[in-house]
Number of protein chains: 2
Amino acid sequence: MEIKKIIEEIVANKQEAGGIKQVYYVACGGSYGAFYPAKTFLEKEAKEVKVGLYTSNEFVHNTPKAFGENSVLVVASHKGNTPETVKAAELGRTAGVPVIALTWVEDSPITEQADYVVKYTFGDGKDIAREKTMKALMTAVEVLNQTEGYEQYDKFLDGVGKIDRIVKNACKHVEKRALAFAKNHKDDSVIYTMASGAGYGAAYMQSICIFMEMQWINSSSIHSGEYFHGPFEITDAEIPFVIQVSEGSTRPLDERALKFLNRYTQRVEVLDAKDLGLSTIDSSVVDYFNHSLFNNVYPVYNQALAIERAHPLTTRRYMWKVEY
Amino acid sequence: MEIKKIIEEIVANKQEAGGIKQVYYVACGGSYGAFYPAKTFLEKEAKEVKVGLYTSNEFVHNTPKAFGENSVLVVASHKGNTPETVKAAELGRTAGVPVIALTWVEDSPITEQADYVVKYTFGDGKDIAREKTMKALMTAVEVLNQTEGYEQYDKFLDGVGKIDRIVKNACKHVEKRALAFAKNHKDDSVIYTMASGAGYGAAYMQSICIFMEMQWINSSSIHSGEYFHGPFEITDAEIPFVIQVSEGSTRPLDERALKFLNRYTQRVEVLDAKDLGLSTIDSSVVDYFNHSLFNNVYPVYNQALAIERAHPLTTRRYMWKVEY
């Protein structure tokens, strides 16, 4: 079912009980990161609707008291079998909360617990407008538009129509830089990412899913607003950073951090959303598209890095191999 | 003015406009971390009241649309002069939103922008029940109790009455371990922290304010629920972790991560809230006291580490030295 229709149905079903008052986004790791733009969207744009973003096991063990008849639960699991996320969905089902499950595998444990299943695109050549992050964002946009109203709704949809081409051009644009980055960073034991705003989730994902998980490189995703309040003391000429300079309201935070980095370290890789073509999206909604851009440009770097380091992105020591 | 009275006054003033509907906690670095328990408290316990936690410059540049007549803004700045936080307070003042400023220096730029100034305890021998984290938590507890009601209010206050002694005993308890930790970790270039629940802010602070800022050691604070979804692949026999095993609802998450660490690495420092005496606080409220415990036990380790590494905690390369 189309997301617009799903939300229409939920809104109709909840009319008597007072409508949608809380939306909870619950997932783990990369899926958690993919929910970040949806969370920041409602946090920024909604006057009434509450939003929560939780890693699944935190939600399961520490369920908010508001979770109930006015709630919607959105979960995501790539293969539909993340045990903690399946458990969270089950919690929703038991509580009578409508569960929307975003997944790549339609017939999976999580779809059994879901009222609505949304399949997203994935893999080479995927349509960016229909991948996990954008589907999650659309649940947030539809909830807002169908409850409080969202003035920029049409502009947002216009952005959705543009993002695929922007991303694909950007990926080509960074190909050479990515090769240079890979050569330059092949022996690093630590690489930091930095970001702000709705795009921060992409930096988080790059840190935990790529550098730490797939390359065994130490990492942390630093908020560019927080950088000056502790983390910047780690900076020296040799410590490498990848910084997302976003387009939209928090760009000044990223630019300030970049200015500092350019002064005190030699090793900064800049992903600039302006340079990468994001500015063709209307400024009133552009914030929410940073994630999709950065998150899809990183893989160009990651492929190159994996080859240069002779460490395939699929190598694991624990996942799929030991019990935990 | 006492926090209870401050909230009473705000509630009375907002009665006509519909009461308090949003509480925003806004600060940078260590003060941001200190707000974490207050944020998780309202996120978990409140049915109606919305809560937001922002690093100051993100709030200033990306102000939520709900910020207005039904909002309360709580800011914190240790010396009252953090420019981004002063700016956030100014934003509140301009918007007619009551601003509560938590600070150690009563006569400072931030107090000029505040409607209410709350001074907290700080330094050797301070009363833990009256320090920044607890004052922030009390704003959350009072807002909830005075709007929706908070069933565990008395039990919470009972916990407040116990925390100072618990922390002081715990600090003595870890003295020897802290010396051993310092010797064992003096040459490390990376140390991870791990935590879950309302105590996560303490792990964040230890990572960014101590390891990174004051010791120039690479670090990241990993959520123990997220650990298995990426970060755990970084684990090997030599990578050091400090894990907070919390008391309360998310303890199973920490225990699971600890079990894994004990199997695959030799170098785990365990801060166990049970072992450190937190369990005398009622189980219905104990979650919110983990932060104060861990955050005040870390300094015992940090003093020892600084001496062993001959790197005083006051050493900086940039802060107070260059413009940024």
# chains A, B, ... in the order shown; residues from 1 in each chain; ligands from 1
>>> closest_atom_pairs(of="chain B", to="chain A", cutoff="8 Å", atoms="only C-alpha atoms", output="CSV")
residue,atom,partner,partner_atom,distance
B:Cys28,CA,A:Glu226,CA,6.2
B:Gly29,CA,A:His229,CA,4.8
B:Gly30,CA,A:His229,CA,7.6
B:Glu43,CA,A:Pro64,CA,6.5
B:Lys44,CA,A:Pro64,CA,4.1
B:Glu45,CA,A:Lys65,CA,5.5
B:Ala46,CA,A:Ala66,CA,6.6
B:Lys47,CA,A:Ala66,CA,4.4
B:Glu48,CA,A:Ala66,CA,7.4
B:Lys50,CA,A:Lys50,CA,6.1
B:Gly52,CA,A:Glu43,CA,7.8
B:Thr55,CA,A:Gly225,CA,6.4
B:Ser56,CA,A:Gly225,CA,7.4
B:Asn57,CA,A:Gly225,CA,5.8
B:Glu58,CA,A:Thr250,CA,6.5
B:His61,CA,A:Thr250,CA,5.7
B:Asn62,CA,A:Ser249,CA,5.9
B:Thr63,CA,A:Lys44,CA,6.8
B:Pro64,CA,A:Lys44,CA,4.1
B:Lys65,CA,A:Glu45,CA,5.5
B:Ala66,CA,A:Lys47,CA,4.4
B:Val190,CA,A:Asn218,CA,7.9
B:Ser196,CA,A:Glu58,CA,7.4
B:Gly197,CA,A:Glu58,CA,6.9
B:Ile208,CA,A:Gly230,CA,5.2
B:Cys209,CA,A:Gly230,CA,4.9
B:Ile210,CA,A:Gly230,CA,7.9
B:Met212,CA,A:Ile234,CA,5.4
B:Glu213,CA,A:Gly230,CA,4.6
B:Met214,CA,A:Glu233,CA,7.6
B:Trp216,CA,A:Ile234,CA,5.0
B:Ile217,CA,A:Ile234,CA,7.0
B:Asn218,CA,A:Ile234,CA,6.9
B:Ser219,CA,A:Ser220,CA,7.0
B:Ser220,CA,A:Ser220,CA,5.1
B:Ser221,CA,A:Ser220,CA,7.9
B:Gly225,CA,A:Asn57,CA,5.8
B:Glu226,CA,A:Gly29,CA,5.8
B:Phe228,CA,A:Tyr324,CA,7.9
B:His229,CA,A:Gly29,CA,4.8
B:Gly230,CA,A:Glu213,CA,4.6
B:Pro231,CA,A:Ile208,CA,5.3
B:Phe232,CA,A:Glu213,CA,7.0
B:Glu233,CA,A:Glu213,CA,4.8
B:Ile234,CA,A:Trp216,CA,5.0
B:Ser249,CA,A:His61,CA,5.8
B:Thr250,CA,A:His61,CA,5.7
B:Leu253,CA,A:Asn57,CA,7.1
B:Arg256,CA,A:Tyr324,CA,7.8
B:Phe260,CA,A:Tyr324,CA,6.7
B:Arg316,CA,A:Glu233,CA,6.8
B:Arg317,CA,A:Glu233,CA,6.4
B:Tyr318,CA,A:Glu233,CA,6.5
B:Met319,CA,A:Glu233,CA,7.7
B:Tyr324,CA,A:Phe260,CA,6.7
>>> select_by_dssp(residues="range 43-232 of chain A", states="helix (DSSP H, G or I)", output="PyMOL selection string")
chain A and resi 43-45+56-61+83-95+109-112+128-130+132-147+153-173+175-185+197-214+227-229+231-232
>>> residues_around(residues="Tyr150 in chain B", least_positions_apart="5", cutoff="10 Å", atoms="only C-alpha atoms", output="PDB file with N, CA and C atoms, in the first residue's frame")
ATOM      1  N   GLU B  45       8.373   9.067  30.618  1.00  0.00           N
ATOM      2  CA  GLU B  45       7.303   9.167  31.609  1.00  0.00           C
ATOM      3  C   GLU B  45       6.116  10.028  31.175  1.00  0.00           C
ATOM      4  N   ALA B  46       6.347  10.986  30.278  1.00  0.00           N
ATOM      5  CA  ALA B  46       5.276  11.930  29.943  1.00  0.00           C
ATOM      6  C   ALA B  46       4.358  11.379  28.860  1.00  0.00           C
ATOM      7  N   VAL B 141      11.059  16.570  36.340  1.00  0.00           N
ATOM      8  CA  VAL B 141      10.164  15.929  37.305  1.00  0.00           C
ATOM      9  C   VAL B 141       9.054  16.899  37.724  1.00  0.00           C
ATOM     10  N   GLU B 142       9.425  18.139  37.982  1.00  0.00           N
ATOM     11  CA  GLU B 142       8.420  19.124  38.398  1.00  0.00           C
ATOM     12  C   GLU B 142       7.441  19.436  37.268  1.00  0.00           C
ATOM     13  N   VAL B 143       7.949  19.575  36.062  1.00  0.00           N
ATOM     14  CA  VAL B 143       7.042  19.825  34.930  1.00  0.00           C
ATOM     15  C   VAL B 143       6.039  18.688  34.823  1.00  0.00           C
ATOM     16  N   LEU B 144       6.526  17.467  34.868  1.00  0.00           N
ATOM     17  CA  LEU B 144       5.613  16.337  34.732  1.00  0.00           C
ATOM     18  C   LEU B 144       4.617  16.301  35.882  1.00  0.00           C
ATOM     19  N   ASN B 145       5.138  16.432  37.092  1.00  0.00           N
ATOM     20  CA  ASN B 145       4.264  16.319  38.265  1.00  0.00           C
ATOM     21  C   ASN B 145       3.207  17.418  38.294  1.00  0.00           C
ATOM     22  N   PHE B 156      10.984   9.387  43.819  1.00  0.00           N
ATOM     23  CA  PHE B 156      12.065  10.112  43.151  1.00  0.00           C
ATOM     24  C   PHE B 156      12.806  10.997  44.157  1.00  0.00           C
TER      25      PHE B 156
END
>>> select_by_dssp(residues="range 2-230 of chain B", states="strand (DSSP E or B)", output="VMD selection string")
chain B and resid 22 to 27 50 to 55 71 to 77 99 to 103 116 to 119 121 131 190 192 to 195 218 221 to 223
>>> closest_residue(among="A:Leu258, A:Ile307, A:Leu157, A:Val86", to="Pro109 in chain A", atoms="only C-alpha atoms")
A:Val86
>>> residues_around(residues="Ala202 in chain B", least_positions_apart="2", cutoff="9 Å", atoms="only C-alpha atoms", output="ChimeraX atom specification")
/B:30,33-34,36,195,198-200,204-207,244,290-296,298
>>> atom_distance(atom1="CA of Gly125 in chain A", atom2="CA of Val160 in chain A")
16.5 Å
>>> residues_around(residues="range 89-92 of chain B", least_positions_apart="6", cutoff="9 Å", atoms="only C-alpha atoms", output="number ranges by chain")
B: 26, 60, 67-68, 72-75, 98-101, 110, 112-114
>>> closest_residue(among="A:Asn302, A:Ser246, A:Thr193, A:Thr280", to="Val268 in chain A", atoms="only C-alpha atoms")
A:Thr193
>>> atom_distance(atom1="CA of Lys183 in chain B", atom2="CA of Phe289 in chain B")
29.3 Å
>>> closest_residue(among="A:Gln152, A:Ser77, A:Thr85, A:Ser108", to="Lys132 in chain A", atoms="only C-alpha atoms")
A:Ser77
>>> closest_residue(among="B:Arg267, B:Val285, B:Ala203, B:Gly96", to="Val245 in chain B", atoms="only C-alpha atoms")
B:Ala203
>>> atom_distance(atom1="CA of Gly18 in chain B", atom2="CA of Ile6 in chain B")
17.5 Å
>>> residues_around(residues="Ala129 in chain B", least_positions_apart="2", cutoff="8 Å", atoms="only C-alpha atoms", output="count of residues only")
8
>>> decode(residues="range 254-266 of chain A", atoms="all heavy atoms", output="PDB file, in the first residue's frame")
ATOM      1  N   ASP A 254      28.450  23.451  10.093  1.00  0.00           N
ATOM      2  CA  ASP A 254      29.420  22.621   9.366  1.00  0.00           C
ATOM      3  C   ASP A 254      30.552  23.484   8.823  1.00  0.00           C
ATOM      4  O   ASP A 254      31.722  23.093   8.864  1.00  0.00           O
ATOM      5  CB  ASP A 254      28.722  21.885   8.214  1.00  0.00           C
ATOM      6  CG  ASP A 254      27.512  21.097   8.685  1.00  0.00           C
ATOM      7  OD1 ASP A 254      27.532  20.601   9.829  1.00  0.00           O
ATOM      8  OD2 ASP A 254      26.541  20.988   7.918  1.00  0.00           O
ATOM      9  N   GLU A 255      30.195  24.658   8.312  1.00  0.00           N
ATOM     10  CA  GLU A 255      31.220  25.552   7.745  1.00  0.00           C
ATOM     11  C   GLU A 255      32.198  26.022   8.811  1.00  0.00           C
ATOM     12  O   GLU A 255      33.395  26.153   8.562  1.00  0.00           O
ATOM     13  CB  GLU A 255      30.545  26.757   7.068  1.00  0.00           C
ATOM     14  CG  GLU A 255      29.925  26.394   5.728  1.00  0.00           C
ATOM     15  CD  GLU A 255      29.226  27.580   5.055  1.00  0.00           C
ATOM     16  OE1 GLU A 255      28.842  28.524   5.783  1.00  0.00           O
ATOM     17  OE2 GLU A 255      29.059  27.538   3.820  1.00  0.00           O
ATOM     18  N   ARG A 256      31.672  26.254  10.005  1.00  0.00           N
ATOM     19  CA  ARG A 256      32.539  26.683  11.100  1.00  0.00           C
ATOM     20  C   ARG A 256      33.529  25.560  11.472  1.00  0.00           C
ATOM     21  O   ARG A 256      34.726  25.812  11.659  1.00  0.00           O
ATOM     22  CB  ARG A 256      31.669  27.040  12.311  1.00  0.00           C
ATOM     23  CG  ARG A 256      32.462  27.547  13.488  1.00  0.00           C
ATOM     24  CD  ARG A 256      31.557  27.815  14.687  1.00  0.00           C
ATOM     25  NE  ARG A 256      32.327  28.109  15.865  1.00  0.00           N
ATOM     26  CZ  ARG A 256      31.920  27.857  17.104  1.00  0.00           C
ATOM     27  NH1 ARG A 256      30.742  27.303  17.317  1.00  0.00           N
ATOM     28  NH2 ARG A 256      32.687  28.155  18.127  1.00  0.00           N
ATOM     29  N   ALA A 257      33.019  24.351  11.541  1.00  0.00           N
ATOM     30  CA  ALA A 257      33.888  23.208  11.867  1.00  0.00           C
ATOM     31  C   ALA A 257      34.925  22.996  10.765  1.00  0.00           C
ATOM     32  O   ALA A 257      36.101  22.737  11.044  1.00  0.00           O
ATOM     33  CB  ALA A 257      33.052  21.948  12.074  1.00  0.00           C
ATOM     34  N   LEU A 258      34.481  23.138   9.511  1.00  0.00           N
ATOM     35  CA  LEU A 258      35.403  22.955   8.387  1.00  0.00           C
ATOM     36  C   LEU A 258      36.521  23.992   8.405  1.00  0.00           C
ATOM     37  O   LEU A 258      37.692  23.670   8.146  1.00  0.00           O
ATOM     38  CB  LEU A 258      34.635  23.026   7.064  1.00  0.00           C
ATOM     39  CG  LEU A 258      35.485  22.900   5.792  1.00  0.00           C
ATOM     40  CD1 LEU A 258      36.259  21.578   5.769  1.00  0.00           C
ATOM     41  CD2 LEU A 258      34.618  23.015   4.534  1.00  0.00           C
ATOM     42  N   LYS A 259      36.157  25.211   8.708  1.00  0.00           N
ATOM     43  CA  LYS A 259      37.150  26.288   8.785  1.00  0.00           C
ATOM     44  C   LYS A 259      38.238  25.940   9.807  1.00  0.00           C
ATOM     45  O   LYS A 259      39.438  26.120   9.560  1.00  0.00           O
ATOM     46  CB  LYS A 259      36.429  27.593   9.182  1.00  0.00           C
ATOM     47  CG  LYS A 259      37.236  28.851   8.950  1.00  0.00           C
ATOM     48  CD  LYS A 259      36.409  30.089   9.286  1.00  0.00           C
ATOM     49  CE  LYS A 259      37.329  31.255   9.613  1.00  0.00           C
ATOM     50  NZ  LYS A 259      36.595  32.346  10.289  1.00  0.00           N
ATOM     51  N   PHE A 260      37.800  25.427  10.935  1.00  0.00           N
ATOM     52  CA  PHE A 260      38.751  25.036  11.980  1.00  0.00           C
ATOM     53  C   PHE A 260      39.620  23.876  11.503  1.00  0.00           C
ATOM     54  O   PHE A 260      40.852  23.894  11.647  1.00  0.00           O
ATOM     55  CB  PHE A 260      37.987  24.652  13.253  1.00  0.00           C
ATOM     56  CG  PHE A 260      38.895  24.418  14.425  1.00  0.00           C
ATOM     57  CD1 PHE A 260      39.221  25.454  15.298  1.00  0.00           C
ATOM     58  CD2 PHE A 260      39.443  23.165  14.662  1.00  0.00           C
ATOM     59  CE1 PHE A 260      40.073  25.239  16.373  1.00  0.00           C
ATOM     60  CE2 PHE A 260      40.289  22.942  15.742  1.00  0.00           C
ATOM     61  CZ  PHE A 260      40.607  23.981  16.595  1.00  0.00           C
ATOM     62  N   LEU A 261      38.986  22.878  10.909  1.00  0.00           N
ATOM     63  CA  LEU A 261      39.730  21.712  10.409  1.00  0.00           C
ATOM     64  C   LEU A 261      40.768  22.139   9.381  1.00  0.00           C
ATOM     65  O   LEU A 261      41.916  21.668   9.404  1.00  0.00           O
ATOM     66  CB  LEU A 261      38.763  20.701   9.770  1.00  0.00           C
ATOM     67  CG  LEU A 261      37.895  19.873  10.722  1.00  0.00           C
ATOM     68  CD1 LEU A 261      36.875  19.069   9.933  1.00  0.00           C
ATOM     69  CD2 LEU A 261      38.745  18.944  11.581  1.00  0.00           C
ATOM     70  N   ASN A 262      40.365  23.020   8.486  1.00  0.00           N
ATOM     71  CA  ASN A 262      41.294  23.459   7.438  1.00  0.00           C
ATOM     72  C   ASN A 262      42.513  24.168   8.021  1.00  0.00           C
ATOM     73  O   ASN A 262      43.577  24.187   7.406  1.00  0.00           O
ATOM     74  CB  ASN A 262      40.583  24.386   6.447  1.00  0.00           C
ATOM     75  CG  ASN A 262      39.761  23.582   5.448  1.00  0.00           C
ATOM     76  OD1 ASN A 262      40.042  22.402   5.206  1.00  0.00           O
ATOM     77  ND2 ASN A 262      38.742  24.209   4.877  1.00  0.00           N
ATOM     78  N   ARG A 263      42.351  24.729   9.191  1.00  0.00           N
ATOM     79  CA  ARG A 263      43.468  25.418   9.813  1.00  0.00           C
ATOM     80  C   ARG A 263      44.403  24.451  10.547  1.00  0.00           C
ATOM     81  O   ARG A 263      45.604  24.654  10.558  1.00  0.00           O
ATOM     82  CB  ARG A 263      42.929  26.483  10.786  1.00  0.00           C
ATOM     83  CG  ARG A 263      43.974  27.557  11.093  1.00  0.00           C
ATOM     84  CD  ARG A 263      43.430  28.618  12.042  1.00  0.00           C
ATOM     85  NE  ARG A 263      42.163  29.167  11.569  1.00  0.00           N
ATOM     86  CZ  ARG A 263      41.237  29.706  12.370  1.00  0.00           C
ATOM     87  NH1 ARG A 263      41.437  29.755  13.679  1.00  0.00           N
ATOM     88  NH2 ARG A 263      40.128  30.200  11.870  1.00  0.00           N
ATOM     89  N   TYR A 264      43.834  23.399  11.141  1.00  0.00           N
ATOM     90  CA  TYR A 264      44.644  22.590  12.057  1.00  0.00           C
ATOM     91  C   TYR A 264      44.905  21.149  11.632  1.00  0.00           C
ATOM     92  O   TYR A 264      45.612  20.427  12.326  1.00  0.00           O
ATOM     93  CB  TYR A 264      44.036  22.629  13.463  1.00  0.00           C
ATOM     94  CG  TYR A 264      44.068  24.023  14.047  1.00  0.00           C
ATOM     95  CD1 TYR A 264      42.917  24.812  14.111  1.00  0.00           C
ATOM     96  CD2 TYR A 264      45.268  24.568  14.495  1.00  0.00           C
ATOM     97  CE1 TYR A 264      42.964  26.101  14.618  1.00  0.00           C
ATOM     98  CE2 TYR A 264      45.322  25.854  15.002  1.00  0.00           C
ATOM     99  CZ  TYR A 264      44.171  26.616  15.064  1.00  0.00           C
ATOM    100  OH  TYR A 264      44.227  27.882  15.563  1.00  0.00           O
ATOM    101  N   THR A 265      44.292  20.704  10.578  1.00  0.00           N
ATOM    102  CA  THR A 265      44.647  19.370  10.113  1.00  0.00           C
ATOM    103  C   THR A 265      44.803  19.368   8.596  1.00  0.00           C
ATOM    104  O   THR A 265      44.199  20.176   7.895  1.00  0.00           O
ATOM    105  CB  THR A 265      43.632  18.288  10.558  1.00  0.00           C
ATOM    106  OG1 THR A 265      44.015  17.032   9.997  1.00  0.00           O
ATOM    107  CG2 THR A 265      42.216  18.611  10.128  1.00  0.00           C
ATOM    108  N   GLN A 266      45.629  18.462   8.115  1.00  0.00           N
ATOM    109  CA  GLN A 266      45.874  18.347   6.678  1.00  0.00           C
ATOM    110  C   GLN A 266      44.891  17.378   6.032  1.00  0.00           C
ATOM    111  O   GLN A 266      44.833  17.290   4.827  1.00  0.00           O
ATOM    112  CB  GLN A 266      47.298  17.782   6.429  1.00  0.00           C
ATOM    113  CG  GLN A 266      48.381  18.377   7.298  1.00  0.00           C
ATOM    114  CD  GLN A 266      48.752  19.768   6.845  1.00  0.00           C
ATOM    115  OE1 GLN A 266      48.777  20.042   5.667  1.00  0.00           O
ATOM    116  NE2 GLN A 266      48.998  20.661   7.804  1.00  0.00           N
TER     117      GLN A 266
END
